[in-house]
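Report on the structure given below.
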Amino acid sequence: MLKGKNAVITGARRGIGRATVEKFASYGANVWACARKQDDDFETDMRRIAEKYSVNIWPLYFDVTDEVQIKQAIQLIKRQKVSADSLVNMAGMVSESASFQMTSIEKMKMVFDTNFFSTTILTQYIARLMARQNSGSIINIASVAGIDGEPAQYEYATSKAALIGATKHLARELSVNNIRVNAVAPGIIDTRMGNKIEEHLKEHILNKVIMGRIGKPEEVAEVVAFLASDRSSYITGQIIRVDGGM
């Protein structure tokens with residue numbers, strides 16, 4: 001499905017990001033697997049995936065909130081002189097649980113920096129590469145919280161809502177360059193971030209899920225891979241929920 005394509009995937013170290021790297025590799029894609037810091041275990045894991053599926057996986061390290069580091073990463077991508085066919089904006093954060101009244105503006109800004117502004121900056125740079133080749137697919141990882149307003153803190157839900165708005169806008173603006181832009185909105189998923197949810201709240205959420213279970217990272221990754229592929233060539237500007245029916 002993705003044979004010969006090259007993808008940039010942030011947040012690749014664990015959770016949905018790591019599952020997405022392996023899913024893309026299993027479909028034949030080469031991947032720039034982006035993480036914040038160099039780590040031997042991470043590189044060993046990426047090398048194992050690359051060998052398993054006979055693809056290239058290039059670990060790439062930068063802080064998504066640091067534009068200087070982003071620029072340096074983009075230069076490394078350019079030097080390889082291959083197409084950047086898809087970008088998966090996976091990196092994100094959730095702050096410690098607190099009510100709106102008790103959450104500082106500084107904490108809100110920190111969440112927005114990671115979940116929205118860093119994605120915006122990286123997307124700007126990658127979109128320029130895609131525009132030159134007149135093709136590309138950008139997939140933002142949003143959240144059902146950005147659609148429904150829950151389950152999440154104010155700053156997380158609103159940062160993901162902003163990302164959903166950006167997805168719809170960019171789908172129109174970048175269509176002139178044959179770049180598709182979509183978002184995936186996961187529900188409660190079995191990841192470290194998902195497991196931060198307090199048990200009483202997790203039980204409350206699961207009672208709303210038609211399928212009655214927590215989702216797997218691989219189930220989200222499958223949808224992301226589809227959106228990166230030519231099989232979704234007539235899909236853009238969409239927010240696809242992967243939530244078990246919430």
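By order of appearance in the structure tokens: chains A, B, ..., then residues from 1 within every chain, and ligands from 1 in the order shown.
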From a DSSP calculation on the backbone, collect every residue of segment 165-228 of chain A in alpha helix (DSSP H) and output the set as a VMD selection string.
-> chain A and resid 165 to 173 199 to 206 217 to 228
Same residues, C-alpha atoms, saved as a tab-separated table (two decimals), in the first residue's frame:
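Contents of selection-v4.tsv, as written:
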chain	number	residue	atom	x	y	z
A	165	GLY	CA	-9.70	23.64	12.34
A	166	ALA	CA	-6.21	23.83	10.85
A	167	THR	CA	-6.74	20.50	9.08
A	168	LYS	CA	-9.89	21.71	7.36
A	169	HIS	CA	-8.30	25.01	6.36
A	170	LEU	CA	-5.10	23.48	5.01
A	171	ALA	CA	-7.00	20.88	3.00
A	172	ARG	CA	-8.38	23.76	0.95
A	173	GLU	CA	-5.27	25.91	0.83
A	199	GLU	CA	-9.70	5.02	36.69
A	200	HIS	CA	-13.14	6.42	37.52
A	201	LEU	CA	-13.02	8.62	34.40
A	202	LYS	CA	-11.77	5.72	32.26
A	203	GLU	CA	-14.71	3.60	33.43
A	204	HIS	CA	-17.09	6.46	32.65
A	205	ILE	CA	-15.65	6.75	29.12
A	206	LEU	CA	-15.77	3.01	28.47
A	217	PRO	CA	-2.40	1.74	18.87
A	218	GLU	CA	-2.26	-0.51	15.79
A	219	GLU	CA	-5.93	0.19	15.07
A	220	VAL	CA	-5.24	3.91	14.86
A	221	ALA	CA	-2.06	3.31	12.83
A	222	GLU	CA	-4.04	1.34	10.24
A	223	VAL	CA	-6.26	4.35	9.52
A	224	VAL	CA	-3.26	6.68	9.36
A	225	ALA	CA	-1.57	4.39	6.83
A	226	PHE	CA	-4.71	4.35	4.70
A	227	LEU	CA	-4.82	8.16	4.66
A	228	ALA	CA	-1.15	8.28	3.64
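Across A:Leu87, A:Ala50, A:Val68, A:Leu76, the tightest approach to Ala127 of chain A is made by A:Leu87 when counting only C-alpha atoms.
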Can you check which parts of segment 56-105 of chain A lie within 12 Å of segment 41-48 of chain A? Per residue, the shortest pair of atoms and distance in Å to one decimal, counting only C-alpha atoms, sorted by chain and number, as CSV.
residue,atom,partner,partner_atom,distance
A:Asn56,CA,A:Arg47,CA,8.5
A:Ile57,CA,A:Met46,CA,6.4
A:Trp58,CA,A:Met46,CA,8.0
A:Pro59,CA,A:Glu43,CA,6.7
A:Leu60,CA,A:Glu43,CA,9.9
A:Tyr61,CA,A:Glu43,CA,10.9
Residues just named, written with N, CA, C and O atoms as a short mmCIF file (atom, residue, chain, number, x, y, z; two decimals), in the first residue's frame:
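Result file out_20.cif:
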data_model
loop_
_atom_site.label_atom_id
_atom_site.label_comp_id
_atom_site.auth_asym_id
_atom_site.auth_seq_id
_atom_site.Cartn_x
_atom_site.Cartn_y
_atom_site.Cartn_z
N ASN A 56 13.89 1.32 4.79
CA ASN A 56 14.80 2.22 5.49
C ASN A 56 14.04 2.96 6.58
O ASN A 56 12.95 3.49 6.33
N ILE A 57 14.59 2.99 7.77
CA ILE A 57 14.05 3.82 8.85
C ILE A 57 15.20 4.68 9.35
O ILE A 57 16.23 4.17 9.80
N TRP A 58 15.02 6.00 9.23
CA TRP A 58 16.06 6.94 9.62
C TRP A 58 15.64 7.66 10.90
O TRP A 58 14.77 8.54 10.86
N PRO A 59 16.23 7.33 12.04
CA PRO A 59 15.93 8.07 13.27
C PRO A 59 16.34 9.54 13.10
O PRO A 59 17.40 9.85 12.56
N LEU A 60 15.48 10.41 13.55
CA LEU A 60 15.72 11.84 13.41
C LEU A 60 15.33 12.50 14.73
O LEU A 60 14.22 12.28 15.23
N TYR A 61 16.24 13.28 15.29
CA TYR A 61 16.03 13.80 16.64
C TYR A 61 15.87 15.32 16.64
O TYR A 61 16.73 16.04 16.13
#
Give me the residues within 7 Å of Thr10 of chain A as a list of chain:residue names, counting only C-alpha atoms and dropping any in the same chain fewer than 4 places off.
-> A:Gly17, A:Ala33, A:Cys34, A:Ala35, A:Val88, A:Asn89, A:Met90, A:Ala91
Residues of the last selection are to be written out with N, CA and C atoms, as a JSON list (two decimals), in the first residue's frame.
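Saved result, again_12.json, follows:
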[["chain", "number", "residue", "atom", "x", "y", "z"],
["A", 17, "GLY", "N", 2.54, 6.43, 17.84],
["A", 17, "GLY", "CA", 3.62, 6.81, 16.94],
["A", 17, "GLY", "C", 4.49, 5.63, 16.56],
["A", 33, "ALA", "N", 11.81, 8.45, 11.43],
["A", 33, "ALA", "CA", 11.18, 8.23, 12.73],
["A", 33, "ALA", "C", 11.69, 9.29, 13.70],
["A", 34, "CYS", "N", 10.84, 10.24, 14.04],
["A", 34, "CYS", "CA", 11.27, 11.42, 14.80],
["A", 34, "CYS", "C", 11.01, 11.26, 16.29],
["A", 35, "ALA", "N", 12.03, 11.54, 17.06],
["A", 35, "ALA", "CA", 11.93, 11.50, 18.51],
["A", 35, "ALA", "C", 12.66, 12.71, 19.09],
["A", 88, "VAL", "N", 3.13, 12.65, 9.31],
["A", 88, "VAL", "CA", 2.20, 12.27, 10.37],
["A", 88, "VAL", "C", 2.57, 13.06, 11.62],
["A", 89, "ASN", "N", 1.73, 14.01, 11.98],
["A", 89, "ASN", "CA", 1.97, 14.85, 13.15],
["A", 89, "ASN", "C", 1.43, 14.15, 14.39],
["A", 90, "MET", "N", 2.26, 13.28, 14.94],
["A", 90, "MET", "CA", 1.84, 12.43, 16.06],
["A", 90, "MET", "C", 2.20, 13.02, 17.42],
["A", 91, "ALA", "N", 3.32, 13.71, 17.51],
["A", 91, "ALA", "CA", 3.82, 14.18, 18.81],
["A", 91, "ALA", "C", 2.79, 15.08, 19.50]]
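Within segment 148-239 of chain A, the backbone-based DSSP assignment of strand (DSSP E) covers Ile179, Arg180, Val181, Asn182, Ala183, Val184, Ala185, Pro186 and Ile239 of chain A.
Atom CA of Leu129 of chain A to atom CA of Ile70 of chain A spans 13.9 Å [interatomic distance, one decimal].
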Could you check which of A:Met110, A:Ile49, A:Ile188, A:Ala12 is closest to Ala29 of chain A, using only C-alpha atoms?
-> A:Ile49
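You will find atom CA of Met108 of chain A at 9.5 Å from atom CA of Thr158 of chain A.
For Asp63 of chain A, the list of residues within 12 Å, based on only C-alpha atoms and with local chain neighbours fewer than 3 positions off taken out, reads Thr10, Gly11, Cys34, Ala35, Arg36, Lys37, Gln38, Leu60, Asp66, Glu67, Val68, Gln69, Ile70, Lys71, Gln72, Ala73, Ala91, Gly92, Asp113, Thr114, Ser118, Thr119, Ile121 and Leu122 of chain A.
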Could you pull the residues within 12 Å of segment 230-240 of chain A, counting only C-alpha atoms, minus those fewer than 5 positions along the same chain, as a ChimeraX atom specification?
-> /A:1-3,5,85-86,135-144,146-147,160-161,163-175,178-187,220,223-225,245
Write the residues of the selection above to a file with C-alpha atoms, as a JSON list (two decimals), in the first residue's frame.
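The resulting file, out.json, is reproduced below:
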[["chain", "number", "residue", "atom", "x", "y", "z"],
["A", 1, "MET", "CA", 0.00, 0.00, 0.00],
["A", 2, "LEU", "CA", 2.89, 2.39, 0.70],
["A", 3, "LYS", "CA", 5.72, 0.68, -1.19],
["A", 5, "LYS", "CA", 6.91, 6.06, -0.31],
["A", 85, "ASP", "CA", 5.31, 11.72, 0.56],
["A", 86, "SER", "CA", 3.55, 11.94, 3.91],
["A", 135, "SER", "CA", 2.00, 15.81, -4.11],
["A", 136, "GLY", "CA", 1.72, 14.71, -0.51],
["A", 137, "SER", "CA", -0.49, 13.63, 2.35],
["A", 138, "ILE", "CA", -0.52, 15.25, 5.78],
["A", 139, "ILE", "CA", -2.20, 13.45, 8.66],
["A", 140, "ASN", "CA", -2.73, 15.25, 11.96],
["A", 141, "ILE", "CA", -3.45, 13.28, 15.11],
["A", 142, "ALA", "CA", -6.31, 15.07, 16.78],
["A", 143, "SER", "CA", -8.63, 13.58, 19.43],
["A", 144, "VAL", "CA", -12.31, 12.98, 20.06],
["A", 146, "GLY", "CA", -11.24, 18.17, 20.12],
["A", 147, "ILE", "CA", -14.65, 17.31, 18.66],
["A", 160, "LYS", "CA", -6.87, 19.50, 19.47],
["A", 161, "ALA", "CA", -9.90, 21.50, 18.34],
["A", 163, "LEU", "CA", -5.68, 21.29, 15.07],
["A", 164, "ILE", "CA", -8.99, 20.11, 13.59],
["A", 165, "GLY", "CA", -9.70, 23.64, 12.34],
["A", 166, "ALA", "CA", -6.21, 23.83, 10.85],
["A", 167, "THR", "CA", -6.74, 20.50, 9.08],
["A", 168, "LYS", "CA", -9.89, 21.71, 7.36],
["A", 169, "HIS", "CA", -8.30, 25.01, 6.36],
["A", 170, "LEU", "CA", -5.10, 23.48, 5.01],
["A", 171, "ALA", "CA", -7.00, 20.88, 3.00],
["A", 172, "ARG", "CA", -8.38, 23.76, 0.95],
["A", 173, "GLU", "CA", -5.27, 25.91, 0.83],
["A", 174, "LEU", "CA", -2.83, 23.10, -0.08],
["A", 175, "SER", "CA", -5.10, 21.38, -2.58],
["A", 178, "ASN", "CA", -2.13, 18.20, -4.75],
["A", 179, "ILE", "CA", -1.49, 17.90, -1.01],
["A", 180, "ARG", "CA", -4.24, 16.17, 0.97],
["A", 181, "VAL", "CA", -4.73, 17.03, 4.65],
["A", 182, "ASN", "CA", -6.76, 14.91, 7.04],
["A", 183, "ALA", "CA", -6.91, 14.19, 10.75],
["A", 184, "VAL", "CA", -7.48, 11.09, 12.82],
["A", 185, "ALA", "CA", -9.31, 11.55, 16.11],
["A", 186, "PRO", "CA", -8.61, 8.63, 18.46],
["A", 187, "GLY", "CA", -10.77, 7.86, 21.45],
["A", 220, "VAL", "CA", -5.24, 3.91, 14.86],
["A", 223, "VAL", "CA", -6.26, 4.35, 9.52],
["A", 224, "VAL", "CA", -3.26, 6.68, 9.36],
["A", 225, "ALA", "CA", -1.57, 4.39, 6.83],
["A", 245, "GLY", "CA", -18.19, 4.24, 18.74]]
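The nearest approach to Val209 of chain A among the residues A:Val176, A:Asp243, A:Thr103, A:Phe116, with only C-alpha atoms taken into account, belongs to A:Asp243.
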If you count only C-alpha atoms, which residues fall within 6 Å of Asn134 of chain A, apart from same-chain ones fewer than 3 positions away, as a PDB file with C-alpha atoms, in the first residue's frame?
ATOM      1  CA  MET A 130       5.586  18.582  -0.910  1.00  0.00           C
ATOM      2  CA  ALA A 131       4.593  21.631  -2.972  1.00  0.00           C
ATOM      3  CA  ASN A 177      -0.371  21.590  -4.807  1.00  0.00           C
ATOM      4  CA  ASN A 178      -2.126  18.197  -4.748  1.00  0.00           C
TER       5      ASN A 178
END
